[in-house]
Amino acid sequence: MIPDLNHDGDLVNFLRQHRTPIPPASADVEDRLLARIAAMPVVPVRHPDRRRLWTVSGAIAAGLVASLIGYHTLMPRPYPSEAELVSLESFIATNWYDTVDTVDTVDNEYLDIPLDDPSRN
Amino acid sequence: MPVAQIVTYDSLSDRDDQQLVRQCLQGDTTSFRWLYRRHQQRVRSILYQLCDATSLDDLVQDVFLRAWKGLPKFRQTAQFSTWLYRIAWNVASDHRQAAAQSRTRLQVLSNHSAIQQEAPDVLHLHYQDLVQRGLAHLSLEHRAVLVLHDLEEVPQKEVAEILQIPVGTVKSRLFHARAAMRQFLQQQGVQP
């Protein structure tokens, strides 16, 4: 019977049905292979030791945490000293009064001009 | 006596590939013998379809030798057979490149004819010859996909892993390989 090769299934069946049989292996292939392998010991690849890896990474993490805690605990906080506070307070007070005095002067001068003064318009 | 020393052949044959690989990594060549027996026929078939019969025994040996040497690097989460067929594919590719200029198709066909002398059916012999010539007619990439998927019945996903190409490429190559094979057979007179 002639196959209908236009269908994939029929084509595949045809190929499988008429594939060339595989030649048998020589009788001693297996033994020759095993003899060669016996002369070649397996050299295991050294994978990184997981336990050691965990220990090292744990130590690094602990070190980082300790550094952070130490930094926050031991470093002096950026608060000003008493003298600096006094100096700062006086500086602010002086500047504040200067500002208020200036504004007051300008406002007063403006208010002192009579309402019927032509220069006011 | 250690347990490992009283392991029998029967118990080894029941073990899965991963267990045998683990035994091999401890230097147990008997476990490798079982891996060989389990997979050699399919490796042999793939190599035969991709190469030729003249050096088949040597090629099979080469595949298993490379596998033995490469076992320490084998990721045991992967499937052993896929990894082994990948080695077979590499061996076949290397062999084809080396032998490209030293052999002619005529020699291969004469070898095939010699093997088939016992077969009684002339038409069957003729079709076998056509299939073999049709495979030879394909490019190596198309041929590999057709052999692995259609002849060896390896799933497309596994074919993709063996050839290290996307599944979409496997489908595309399969389509073109079948089309080329169909065209070849029809040109040779195999018509619906």
# chains A, B, ... in the order shown; residues from 1 in each chain; ligands from 1
call {"tool": "closest_atom_pairs", "arguments": {"of": "chain B", "to": "chain A", "cutoff": "9 Å", "atoms": "only C-alpha atoms", "output": "CSV"}}
result
residue,atom,partner,partner_atom,distance
B:Cys24,CA,A:Val42,CA,7.9
B:Leu25,CA,A:Val42,CA,6.3
B:Gln26,CA,A:Val42,CA,7.6
B:Gly27,CA,A:Val42,CA,6.0
B:Thr29,CA,A:Ala38,CA,6.8
B:Thr30,CA,A:Leu34,CA,8.5
B:Phe32,CA,A:Leu34,CA,8.2
B:Arg33,CA,A:Leu34,CA,7.0
B:Tyr36,CA,A:Glu30,CA,8.0
B:Arg37,CA,A:Glu30,CA,8.4
B:Gln41,CA,A:Ile22,CA,8.7
B:Arg44,CA,A:Ile22,CA,7.5
B:Ser45,CA,A:Ile22,CA,6.1
B:Tyr48,CA,A:Ile22,CA,6.8
B:Gln49,CA,A:Thr20,CA,8.6
B:Ala53,CA,A:Pro23,CA,7.0
B:Leu56,CA,A:Ala25,CA,8.0
B:Asp57,CA,A:Ala25,CA,6.2
B:Asp58,CA,A:Val29,CA,8.5
B:Val60,CA,A:Val29,CA,8.9
B:Gln61,CA,A:Leu33,CA,6.1
B:Asp62,CA,A:Leu33,CA,8.9
B:Phe64,CA,A:Leu33,CA,7.8
B:Leu65,CA,A:Ile37,CA,6.9
B:Trp68,CA,A:Ile37,CA,7.3
B:Lys69,CA,A:Val42,CA,6.6
B:Gly70,CA,A:Val42,CA,8.7
B:Leu71,CA,A:Val42,CA,7.7
B:Pro72,CA,A:Pro44,CA,5.2
B:Lys73,CA,A:Val45,CA,6.7
B:His112,CA,A:Thr20,CA,7.9
B:Ile115,CA,A:Pro23,CA,7.3
B:Gln116,CA,A:Pro21,CA,8.3
B:His124,CA,A:His18,CA,6.7
B:Leu125,CA,A:His18,CA,8.0
B:His126,CA,A:His18,CA,9.0
B:Tyr127,CA,A:His18,CA,5.9
B:Gln128,CA,A:His18,CA,4.7
B:Asp129,CA,A:Thr20,CA,7.7
B:Leu130,CA,A:His18,CA,8.6
B:Val131,CA,A:Arg19,CA,6.3
B:Gln132,CA,A:Thr20,CA,6.9
B:Asp150,CA,A:Val12,CA,6.0
B:Leu151,CA,A:Arg16,CA,5.8
B:Glu152,CA,A:Arg16,CA,8.9
B:Arg178,CA,A:Asp8,CA,7.5
B:Ala179,CA,A:Asn6,CA,9.0
B:Met181,CA,A:Leu11,CA,8.7
B:Arg182,CA,A:Leu5,CA,6.3
B:Leu185,CA,A:Leu5,CA,8.5
B:Gln186,CA,A:Leu5,CA,8.2
B:Val190,CA,A:Ile2,CA,7.0
B:Gln191,CA,A:Ile2,CA,6.9
B:Pro192,CA,A:Asp4,CA,4.6
call {"tool": "write_last_selection", "arguments": {"atoms": "N, CA and C atoms", "output": "compact mmCIF listing (two decimals), in the first residue's frame"}}
result
# COMPACT_ATOMS: atom_id res chain seq x y z
N CYS B 24 28.17 6.19 40.45
CA CYS B 24 29.31 6.38 39.53
C CYS B 24 30.27 7.43 40.07
N LEU B 25 29.71 8.48 40.65
CA LEU B 25 30.56 9.56 41.16
C LEU B 25 31.42 9.11 42.33
N GLN B 26 31.03 7.97 42.90
CA GLN B 26 31.88 7.39 43.96
C GLN B 26 32.86 6.37 43.37
N GLY B 27 32.91 6.34 42.03
CA GLY B 27 33.88 5.47 41.36
C GLY B 27 33.35 4.09 41.03
N THR B 29 32.10 1.62 38.74
CA THR B 29 31.97 1.40 37.29
C THR B 29 30.83 0.44 36.96
N THR B 30 30.44 -0.40 37.91
CA THR B 30 29.32 -1.31 37.66
C THR B 30 28.03 -0.53 37.43
N PHE B 32 27.91 2.38 36.14
CA PHE B 32 28.02 2.96 34.80
C PHE B 32 27.69 1.91 33.73
N ARG B 33 28.05 0.68 34.01
CA ARG B 33 27.71 -0.39 33.07
C ARG B 33 26.19 -0.46 32.89
N TYR B 36 25.05 2.37 30.80
CA TYR B 36 25.39 2.05 29.40
C TYR B 36 24.33 1.11 28.81
N ARG B 37 24.03 0.05 29.51
CA ARG B 37 23.07 -0.93 29.00
C ARG B 37 21.68 -0.31 28.81
N GLN B 41 21.37 1.61 23.33
CA GLN B 41 20.63 1.32 22.11
C GLN B 41 20.12 2.61 21.46
N ARG B 44 22.99 4.67 20.19
CA ARG B 44 23.46 4.01 18.96
C ARG B 44 22.56 4.36 17.77
N SER B 45 21.27 4.34 18.04
CA SER B 45 20.30 4.65 16.98
C SER B 45 20.44 6.10 16.51
N TYR B 48 23.60 6.46 14.54
CA TYR B 48 23.50 5.80 13.25
C TYR B 48 22.71 6.66 12.25
N GLN B 49 21.64 7.27 12.74
CA GLN B 49 20.81 8.09 11.84
C GLN B 49 21.50 9.40 11.48
N ALA B 53 27.36 3.81 9.55
CA ALA B 53 27.57 2.57 10.28
C ALA B 53 29.04 2.22 10.48
N LEU B 56 30.41 3.16 14.03
CA LEU B 56 29.36 3.30 15.04
C LEU B 56 29.82 2.88 16.44
N ASP B 57 30.50 1.75 16.52
CA ASP B 57 30.97 1.28 17.83
C ASP B 57 31.89 2.31 18.49
N ASP B 58 32.78 2.87 17.69
CA ASP B 58 33.71 3.86 18.23
C ASP B 58 32.97 5.12 18.70
N VAL B 60 29.84 5.32 19.70
CA VAL B 60 29.10 5.01 20.92
C VAL B 60 30.05 5.04 22.12
N GLN B 61 31.20 4.43 21.94
CA GLN B 61 32.20 4.45 23.01
C GLN B 61 32.59 5.87 23.37
N ASP B 62 32.76 6.68 22.34
CA ASP B 62 33.17 8.07 22.55
C ASP B 62 32.13 8.81 23.40
N PHE B 64 29.98 7.55 25.57
CA PHE B 64 29.96 7.11 26.97
C PHE B 64 31.26 7.47 27.70
N LEU B 65 32.34 7.54 26.97
CA LEU B 65 33.59 8.00 27.61
C LEU B 65 33.47 9.47 28.01
N TRP B 68 31.28 9.68 31.03
CA TRP B 68 31.99 9.29 32.26
C TRP B 68 32.89 10.42 32.76
N LYS B 69 33.62 11.02 31.80
CA LYS B 69 34.52 12.11 32.19
C LYS B 69 33.72 13.32 32.69
N GLY B 70 32.56 13.52 32.07
CA GLY B 70 31.77 14.71 32.40
C GLY B 70 30.83 14.53 33.59
N LEU B 71 30.74 13.32 34.12
CA LEU B 71 29.79 13.06 35.21
C LEU B 71 29.93 14.02 36.39
N PRO B 72 31.16 14.36 36.80
CA PRO B 72 31.26 15.28 37.94
C PRO B 72 30.62 16.64 37.68
N LYS B 73 30.53 17.01 36.40
CA LYS B 73 29.93 18.32 36.08
C LYS B 73 28.44 18.21 35.80
N HIS B 112 24.98 -0.14 3.77
CA HIS B 112 23.60 -0.41 4.17
C HIS B 112 23.07 -1.63 3.42
N ILE B 115 24.22 -4.78 4.92
CA ILE B 115 23.56 -5.15 6.18
C ILE B 115 22.20 -5.76 5.91
N GLN B 116 21.56 -5.30 4.85
CA GLN B 116 20.18 -5.70 4.61
C GLN B 116 20.01 -6.95 3.75
N HIS B 124 10.29 -3.25 0.53
CA HIS B 124 10.69 -2.74 1.84
C HIS B 124 12.15 -2.26 1.81
N LEU B 125 12.99 -3.05 1.16
CA LEU B 125 14.39 -2.65 1.01
C LEU B 125 14.52 -1.34 0.25
N HIS B 126 13.71 -1.22 -0.77
CA HIS B 126 13.73 -0.01 -1.59
C HIS B 126 13.33 1.19 -0.73
N TYR B 127 12.27 1.03 0.06
CA TYR B 127 11.82 2.13 0.91
C TYR B 127 12.86 2.47 1.98
N GLN B 128 13.50 1.45 2.51
CA GLN B 128 14.56 1.70 3.50
C GLN B 128 15.66 2.54 2.89
N ASP B 129 16.01 2.19 1.70
CA ASP B 129 17.06 2.93 1.00
C ASP B 129 16.63 4.38 0.79
N LEU B 130 15.34 4.56 0.41
CA LEU B 130 14.84 5.91 0.18
C LEU B 130 14.85 6.73 1.47
N VAL B 131 14.41 6.11 2.55
CA VAL B 131 14.37 6.83 3.84
C VAL B 131 15.79 7.25 4.24
N GLN B 132 16.72 6.33 4.07
CA GLN B 132 18.10 6.63 4.43
C GLN B 132 18.66 7.75 3.55
N ASP B 150 10.77 12.33 15.38
CA ASP B 150 9.90 11.41 14.64
C ASP B 150 10.35 9.95 14.74
N LEU B 151 11.65 9.73 14.76
CA LEU B 151 12.12 8.33 14.80
C LEU B 151 12.37 7.85 16.23
N GLU B 152 12.99 8.69 17.04
CA GLU B 152 13.30 8.26 18.42
C GLU B 152 12.21 8.65 19.41
N ARG B 178 10.18 17.76 7.56
CA ARG B 178 9.15 16.86 7.02
C ARG B 178 8.81 17.24 5.58
N ALA B 179 8.73 18.54 5.35
CA ALA B 179 8.40 19.00 3.99
C ALA B 179 9.48 18.56 3.00
N MET B 181 11.60 16.06 3.38
CA MET B 181 11.57 14.59 3.27
C MET B 181 10.42 14.14 2.37
N ARG B 182 9.26 14.79 2.56
CA ARG B 182 8.09 14.47 1.75
C ARG B 182 8.38 14.73 0.27
N LEU B 185 10.78 12.10 -1.13
CA LEU B 185 10.15 10.78 -1.36
C LEU B 185 9.23 10.84 -2.58
N GLN B 186 8.53 11.95 -2.71
CA GLN B 186 7.62 12.07 -3.87
C GLN B 186 8.40 12.14 -5.18
N VAL B 190 7.44 7.85 -4.54
CA VAL B 190 6.51 7.44 -3.49
C VAL B 190 5.38 8.46 -3.48
N GLN B 191 4.33 8.19 -4.20
CA GLN B 191 3.24 9.15 -4.37
C GLN B 191 1.96 8.62 -3.71
N PRO B 192 1.11 9.53 -3.26
CA PRO B 192 -0.17 9.08 -2.73
C PRO B 192 -1.07 8.51 -3.82
call {"tool": "atom_distance", "arguments": {"atom1": "atom CA of B:Gly189", "atom2": "atom CA of B:Ala177"}}
result
18.5 Å
call {"tool": "select_by_dssp", "arguments": {"residues": "chain B", "states": "alpha helix (DSSP H)", "output": "PyMOL selection string"}}
result
chain B and resi 9-14+17-25+29-50+56-70+80-99+105-115+122-137+140-145+156-163+167-187
call {"tool": "write_last_selection", "arguments": {"atoms": "C-alpha atoms", "output": "tab-separated table (two decimals), in the first residue's frame"}}
result
chain	number	residue	atom	x	y	z
B	9	TYR	CA	23.45	-6.53	39.78
B	10	ASP	CA	19.71	-7.04	40.18
B	11	SER	CA	19.35	-4.26	42.71
B	12	LEU	CA	21.42	-1.93	40.48
B	13	SER	CA	19.17	-2.58	37.51
B	14	ASP	CA	16.19	-1.36	39.52
B	17	ASP	CA	19.49	7.06	36.56
B	18	GLN	CA	20.12	9.58	39.31
B	19	GLN	CA	20.97	6.90	41.84
B	20	LEU	CA	23.30	5.20	39.38
B	21	VAL	CA	24.98	8.52	38.60
B	22	ARG	CA	25.58	9.09	42.32
B	23	GLN	CA	27.15	5.63	42.57
B	24	CYS	CA	29.31	6.38	39.53
B	25	LEU	CA	30.56	9.56	41.16
B	29	THR	CA	31.97	1.40	37.29
B	30	THR	CA	29.32	-1.31	37.66
B	31	SER	CA	26.67	1.39	37.96
B	32	PHE	CA	28.02	2.96	34.80
B	33	ARG	CA	27.71	-0.39	33.07
B	34	TRP	CA	23.99	-0.28	33.89
B	35	LEU	CA	23.67	3.23	32.57
B	36	TYR	CA	25.39	2.05	29.40
B	37	ARG	CA	23.07	-0.93	29.00
B	38	ARG	CA	20.03	1.21	29.62
B	39	HIS	CA	20.85	3.93	27.09
B	40	GLN	CA	23.28	2.49	24.55
B	41	GLN	CA	20.63	1.32	22.11
B	42	ARG	CA	19.07	4.75	21.76
B	43	VAL	CA	22.43	6.49	21.62
B	44	ARG	CA	23.46	4.01	18.96
B	45	SER	CA	20.30	4.65	16.98
B	46	ILE	CA	20.71	8.44	17.10
B	47	LEU	CA	24.34	8.19	16.03
B	48	TYR	CA	23.50	5.80	13.25
B	49	GLN	CA	20.81	8.09	11.84
B	50	LEU	CA	23.04	11.14	12.09
B	56	LEU	CA	29.36	3.30	15.04
B	57	ASP	CA	30.97	1.28	17.83
B	58	ASP	CA	33.71	3.86	18.23
B	59	LEU	CA	31.22	6.72	18.28
B	60	VAL	CA	29.10	5.01	20.92
B	61	GLN	CA	32.20	4.45	23.01
B	62	ASP	CA	33.17	8.07	22.55
B	63	VAL	CA	29.77	9.23	23.83
B	64	PHE	CA	29.96	7.11	26.97
B	65	LEU	CA	33.59	8.00	27.61
B	66	ARG	CA	32.72	11.68	27.41
B	67	ALA	CA	29.77	11.04	29.70
B	68	TRP	CA	31.99	9.29	32.26
B	69	LYS	CA	34.52	12.11	32.19
B	70	GLY	CA	31.77	14.71	32.40
B	80	PHE	CA	20.51	12.05	32.53
B	81	SER	CA	19.15	10.86	29.18
B	82	THR	CA	18.77	14.42	27.85
B	83	TRP	CA	22.34	15.19	28.90
B	84	LEU	CA	23.58	11.97	27.30
B	85	TYR	CA	21.76	12.63	24.01
B	86	ARG	CA	23.26	16.09	24.01
B	87	ILE	CA	26.71	14.46	24.17
B	88	ALA	CA	25.66	12.11	21.35
B	89	TRP	CA	24.64	15.11	19.27
B	90	ASN	CA	28.03	16.75	19.89
B	91	VAL	CA	29.89	13.57	18.99
B	92	ALA	CA	27.83	13.21	15.81
B	93	SER	CA	28.47	16.82	14.82
B	94	ASP	CA	32.21	16.47	15.43
B	95	HIS	CA	32.34	13.21	13.51
B	96	ARG	CA	30.47	14.62	10.53
B	97	GLN	CA	32.80	17.58	10.31
B	98	ALA	CA	35.86	15.35	10.48
B	99	ALA	CA	34.55	12.82	8.01
B	105	ARG	CA	27.47	8.61	0.09
B	106	LEU	CA	27.97	5.68	-2.25
B	107	GLN	CA	30.11	3.88	0.30
B	108	VAL	CA	27.45	4.37	2.97
B	109	LEU	CA	24.74	3.01	0.72
B	110	SER	CA	26.81	-0.02	-0.14
B	111	ASN	CA	27.32	-0.69	3.55
B	112	HIS	CA	23.60	-0.41	4.17
B	113	SER	CA	22.89	-2.81	1.34
B	114	ALA	CA	25.33	-5.30	2.82
B	115	ILE	CA	23.56	-5.15	6.18
B	122	VAL	CA	12.40	-5.96	-2.12
B	123	LEU	CA	9.92	-3.09	-1.85
B	124	HIS	CA	10.69	-2.74	1.84
B	125	LEU	CA	14.39	-2.65	1.01
B	126	HIS	CA	13.73	-0.01	-1.59
B	127	TYR	CA	11.82	2.13	0.91
B	128	GLN	CA	14.56	1.70	3.50
B	129	ASP	CA	17.06	2.93	1.00
B	130	LEU	CA	14.84	5.91	0.18
B	131	VAL	CA	14.37	6.83	3.84
B	132	GLN	CA	18.10	6.63	4.43
B	133	ARG	CA	18.83	8.71	1.35
B	134	GLY	CA	16.10	11.15	2.32
B	135	LEU	CA	17.69	11.63	5.74
B	136	ALA	CA	21.07	12.15	4.13
B	137	HIS	CA	19.44	14.70	1.83
B	140	LEU	CA	22.19	18.17	9.81
B	141	GLU	CA	19.93	20.50	11.84
B	142	HIS	CA	16.75	19.29	10.13
B	143	ARG	CA	17.91	15.71	10.22
B	144	ALA	CA	18.65	15.84	13.95
B	145	VAL	CA	15.17	17.16	14.75
B	156	GLN	CA	9.84	18.45	21.51
B	157	LYS	CA	10.80	20.07	24.82
B	158	GLU	CA	13.56	17.52	25.34
B	159	VAL	CA	14.73	17.90	21.74
B	160	ALA	CA	15.03	21.63	22.41
B	161	GLU	CA	17.19	20.92	25.48
B	162	ILE	CA	19.38	18.42	23.62
B	163	LEU	CA	20.03	20.77	20.71
B	167	VAL	CA	10.94	24.84	21.26
B	168	GLY	CA	9.61	27.16	18.53
B	169	THR	CA	12.74	26.48	16.49
B	170	VAL	CA	12.26	22.74	16.97
B	171	LYS	CA	8.72	23.04	15.59
B	172	SER	CA	9.87	25.14	12.68
B	173	ARG	CA	12.73	22.79	11.80
B	174	LEU	CA	10.43	19.80	12.12
B	175	PHE	CA	7.98	21.38	9.69
B	176	HIS	CA	10.68	22.10	7.13
B	177	ALA	CA	12.39	18.73	7.62
B	178	ARG	CA	9.15	16.86	7.02
B	179	ALA	CA	8.40	19.00	3.99
B	180	ALA	CA	11.84	18.31	2.53
B	181	MET	CA	11.57	14.59	3.27
B	182	ARG	CA	8.09	14.47	1.75
B	183	GLN	CA	9.31	16.24	-1.37
B	184	PHE	CA	12.28	13.90	-1.69
B	185	LEU	CA	10.15	10.78	-1.36
B	186	GLN	CA	7.62	12.07	-3.87
B	187	GLN	CA	10.40	12.84	-6.32
call {"tool": "atom_distance", "arguments": {"atom1": "atom CA of B:Thr77", "atom2": "atom CA of A:Trp54"}}
result
21.8 Å
call {"tool": "atom_distance", "arguments": {"atom1": "atom CA of A:Thr94", "atom2": "atom CA of A:Tyr79"}}
result
22.3 Å
